[in-house]
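Here is the structure we will look at, set down as structure tokens.
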Amino acid sequence: MRLFAKNSSVVYMGLLHAFGWQKVSLPAVAPTFFAAIAKMRGTAIELVDVGLDYSNTAMVTHNFFESFEPKSQIVFQNWGEPVGEAKVWVMKYKECVRVECDEKIGQKLELFLNGGVKKGRLWNYDLMDVGIKNLRPPCEVARELVEESNEIVEYLNEQFRGNPYFDTLSLGTKTIKSEYPTLLKPSLYCPKEDIYQELLQKGIDVKVRFKPLYRTTLVGGEYLPTSEELYKAVLVLPLAKEIVDPLMEVLEKYRYRGCSF
């Protein structure tokens with residue numbers, strides 16, 4: 001079954017409701033909305049550690065960069081074709097969210113996304129369940145945008161190959177990318193804040209993601225070593241050809257500061 005919605009957070013809430021989960025496993029570096037919505041529903045959270053290749057077997061995963069084939073019950077991605085053994089596949093691009101799922105779950109999700117309202121003849125209706133109105137007409141994304149982002153990824157891969165400052169991730173070709181994730185070398189962990197601020201000053205819209213959920217007040221939990229390493233290493237760059245020279249200039253500046261723990 002295929003459904004279309006406006007907001008992936010609402011879709012996730014609807015899926016938790018449709019599955020009736022009382023407990024959900026989350027990667028410790030999952031986006032905060034996964035945890036916030038679970039807490040809102042009263043769903044218990046179990047945090048699991050992840051590898052730097054992003055592979056994991058959590059029940060709910062978020063694949064920002066299409067870099068692995070997950071085996072999970074719910075998979076969120078920016079846009080792409082279903083892979084792995086997912087029972088539900090959520091693809092989003094701006095305000096276009098497409099959900100692929102089996103008929104049974106799809107009917108429950110559709111009711112939730114229709115505000116819990118079941119329509120009858122003419123203006124008649126019945127409120128059957130809880131829900132948030134979020135359904136929208138079918139939407140797609142132009143293939144040209146996918147190809148354009150793939151071309152920029154290839155350019156940046158070539159420019160950054162073998163550099164001494166960071167490693168790059170293997171990005172898939174099925175989705176639109178707007179960001180370029182990197183993993184800083186350990187020697188740059190300590191000056192990461194300075195690097196971040198200086199890149200912003202140069203007009204590079206850099207981001208730092210994957211703060212482990214156990215570091216948050218709402219979730220808490222035990223320290224997980226690989227998730228912590230990922231948190232220190234990830235620096236997400238905008239997907240643009242013009243970032244190459246200013247980025248390398250800043251990283252060269254801080255390369256010699258060093259870092260020890």
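Quick note on naming: the chains in the structure tokens go A, B, ... in the order shown, residues restart at 1 in each chain, and ligands are numbered from 1 in order of appearance.
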
Counting only C-alpha atoms, give me one row per residue of segment 135-170 of chain A with an atom at most 9 Å from an atom of segment 82-103 of chain A, showing the shortest contact pair and its distance in Å to one decimal, sorted by chain then residue number, as a Markdown table.
| residue | atom | partner | partner_atom | distance |
| --- | --- | --- | --- | --- |
| A:Arg136 | CA | A:Cys96 | CA | 8.2 |
| A:Pro138 | CA | A:Arg98 | CA | 8.1 |
| A:Cys139 | CA | A:Cys96 | CA | 6.0 |
| A:Glu140 | CA | A:Cys96 | CA | 7.3 |
| A:Val141 | CA | A:Tyr93 | CA | 7.5 |

Report as CSV the residues of segment 78-180 of chain A within 12 Å of segment 32-53 of chain A, each with its shortest atom pair and distance in Å (one decimal), using only C-alpha atoms, ordered by chain and increasing residue number.
residue,atom,partner,partner_atom,distance
A:Val130,CA,A:Arg41,CA,11.6
A:Asp167,CA,A:Leu52,CA,11.0
A:Thr168,CA,A:Asp53,CA,10.9
A:Leu169,CA,A:Asp53,CA,8.1
A:Ser170,CA,A:Asp53,CA,8.9
A:Leu171,CA,A:Asp53,CA,11.0

For the selection you just gave me, I'd like the residues written to a file as a PDB file, in the first residue's frame, keeping C-alpha atoms.
ATOM      1  CA  VAL A 130      -6.801   9.208  17.518  1.00  0.00           C
ATOM      2  CA  ASP A 167      37.229  10.423   5.602  1.00  0.00           C
ATOM      3  CA  THR A 168      34.179  10.438   3.356  1.00  0.00           C
ATOM      4  CA  LEU A 169      31.213   8.082   3.341  1.00  0.00           C
ATOM      5  CA  SER A 170      29.976   5.979   0.480  1.00  0.00           C
ATOM      6  CA  LEU A 171      26.751   7.665  -0.644  1.00  0.00           C
TER       7      LEU A 171
END

(request) Step one, run DSSP on the backbone; step two, keep only residues of segment 27-260 of chain A assigned to strand (DSSP E or B); then write them as a count of residues only. (result) 49

(request) Grab the atom CA of Val244 of chain A to atom CA of Pro212 of chain A distance for me, in Å with one decimal place. (result)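 Interatomic distance, atom CA of Val244 of chain A to atom CA of Pro212 of chain A: 28.6 Å.
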
Would you give me, as a PDB file with N, CA and C atoms, in the first residue's frame, the residues in segment 187-228 of chain A that DSSP reads as helix (DSSP H, G or I)?
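Okay, out03.pdb is ready:
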ATOM      1  N   SER A 187      42.709  13.671  15.144  1.00  0.00           N
ATOM      2  CA  SER A 187      43.546  14.827  15.484  1.00  0.00           C
ATOM      3  C   SER A 187      42.784  16.145  15.383  1.00  0.00           C
ATOM      4  N   LEU A 188      41.607  16.130  14.743  1.00  0.00           N
ATOM      5  CA  LEU A 188      40.811  17.346  14.592  1.00  0.00           C
ATOM      6  C   LEU A 188      39.585  17.364  15.504  1.00  0.00           C
ATOM      7  N   LYS A 192      37.365  21.026  16.768  1.00  0.00           N
ATOM      8  CA  LYS A 192      36.151  20.925  15.945  1.00  0.00           C
ATOM      9  C   LYS A 192      35.253  22.152  16.096  1.00  0.00           C
ATOM     10  N   GLU A 193      35.113  22.671  17.322  1.00  0.00           N
ATOM     11  CA  GLU A 193      34.266  23.847  17.519  1.00  0.00           C
ATOM     12  C   GLU A 193      34.818  25.047  16.758  1.00  0.00           C
ATOM     13  N   ASP A 194      36.130  25.235  16.803  1.00  0.00           N
ATOM     14  CA  ASP A 194      36.745  26.353  16.081  1.00  0.00           C
ATOM     15  C   ASP A 194      36.592  26.179  14.579  1.00  0.00           C
ATOM     16  N   ILE A 195      36.772  24.953  14.107  1.00  0.00           N
ATOM     17  CA  ILE A 195      36.588  24.658  12.677  1.00  0.00           C
ATOM     18  C   ILE A 195      35.166  24.987  12.258  1.00  0.00           C
ATOM     19  N   TYR A 196      34.210  24.543  13.060  1.00  0.00           N
ATOM     20  CA  TYR A 196      32.792  24.771  12.781  1.00  0.00           C
ATOM     21  C   TYR A 196      32.490  26.269  12.678  1.00  0.00           C
ATOM     22  N   GLN A 197      32.952  27.038  13.661  1.00  0.00           N
ATOM     23  CA  GLN A 197      32.668  28.471  13.673  1.00  0.00           C
ATOM     24  C   GLN A 197      33.317  29.197  12.506  1.00  0.00           C
ATOM     25  N   GLU A 198      34.543  28.815  12.179  1.00  0.00           N
ATOM     26  CA  GLU A 198      35.247  29.495  11.094  1.00  0.00           C
ATOM     27  C   GLU A 198      34.616  29.173   9.737  1.00  0.00           C
ATOM     28  N   LEU A 199      34.150  27.946   9.563  1.00  0.00           N
ATOM     29  CA  LEU A 199      33.461  27.594   8.315  1.00  0.00           C
ATOM     30  C   LEU A 199      32.173  28.394   8.163  1.00  0.00           C
ATOM     31  N   LEU A 200      31.437  28.567   9.262  1.00  0.00           N
ATOM     32  CA  LEU A 200      30.222  29.391   9.211  1.00  0.00           C
ATOM     33  C   LEU A 200      30.558  30.824   8.823  1.00  0.00           C
ATOM     34  N   GLN A 201      31.646  31.347   9.369  1.00  0.00           N
ATOM     35  CA  GLN A 201      32.065  32.711   9.046  1.00  0.00           C
ATOM     36  C   GLN A 201      32.417  32.858   7.571  1.00  0.00           C
ATOM     37  N   LEU A 213      21.578  10.239  21.893  1.00  0.00           N
ATOM     38  CA  LEU A 213      20.366  10.506  22.659  1.00  0.00           C
ATOM     39  C   LEU A 213      20.575  10.330  24.156  1.00  0.00           C
ATOM     40  N   TYR A 214      21.574   9.499  24.551  1.00  0.00           N
ATOM     41  CA  TYR A 214      21.816   9.329  25.980  1.00  0.00           C
ATOM     42  C   TYR A 214      22.440  10.584  26.587  1.00  0.00           C
ATOM     43  N   ARG A 215      22.874  11.526  25.760  1.00  0.00           N
ATOM     44  CA  ARG A 215      23.396  12.800  26.248  1.00  0.00           C
ATOM     45  C   ARG A 215      22.266  13.807  26.506  1.00  0.00           C
ATOM     46  N   PRO A 225      30.120   3.505  23.153  1.00  0.00           N
ATOM     47  CA  PRO A 225      31.404   3.987  22.630  1.00  0.00           C
ATOM     48  C   PRO A 225      31.413   4.356  21.152  1.00  0.00           C
ATOM     49  N   THR A 226      30.801   3.543  20.294  1.00  0.00           N
ATOM     50  CA  THR A 226      30.863   3.853  18.862  1.00  0.00           C
ATOM     51  C   THR A 226      30.018   5.070  18.525  1.00  0.00           C
ATOM     52  N   SER A 227      28.870   5.197  19.162  1.00  0.00           N
ATOM     53  CA  SER A 227      28.030   6.376  18.955  1.00  0.00           C
ATOM     54  C   SER A 227      28.767   7.636  19.405  1.00  0.00           C
ATOM     55  N   GLU A 228      29.508   7.541  20.490  1.00  0.00           N
ATOM     56  CA  GLU A 228      30.277   8.684  20.991  1.00  0.00           C
ATOM     57  C   GLU A 228      31.374   9.069  19.997  1.00  0.00           C
TER      58      GLU A 228
END

(message) I'd like the contact shell of segment 173-175 of chain A - 8 Å cut-off, only C-alpha atoms, skipping same-chain residues fewer than 6 positions apart - returned as number ranges by chain.
(response) A: 66, 78-81, 146-147, 150

(request) Can you work out the spacing between atom CA of Leu15 of chain A and atom CA of Val117 of chain A in Å, to one decimal? (result) 16.5 Å

(message) Just the number, please: distance in Å from atom CA of Lys177 of chain A to atom CA of Val29 of chain A, one decimal.
(response) 19.5 Å
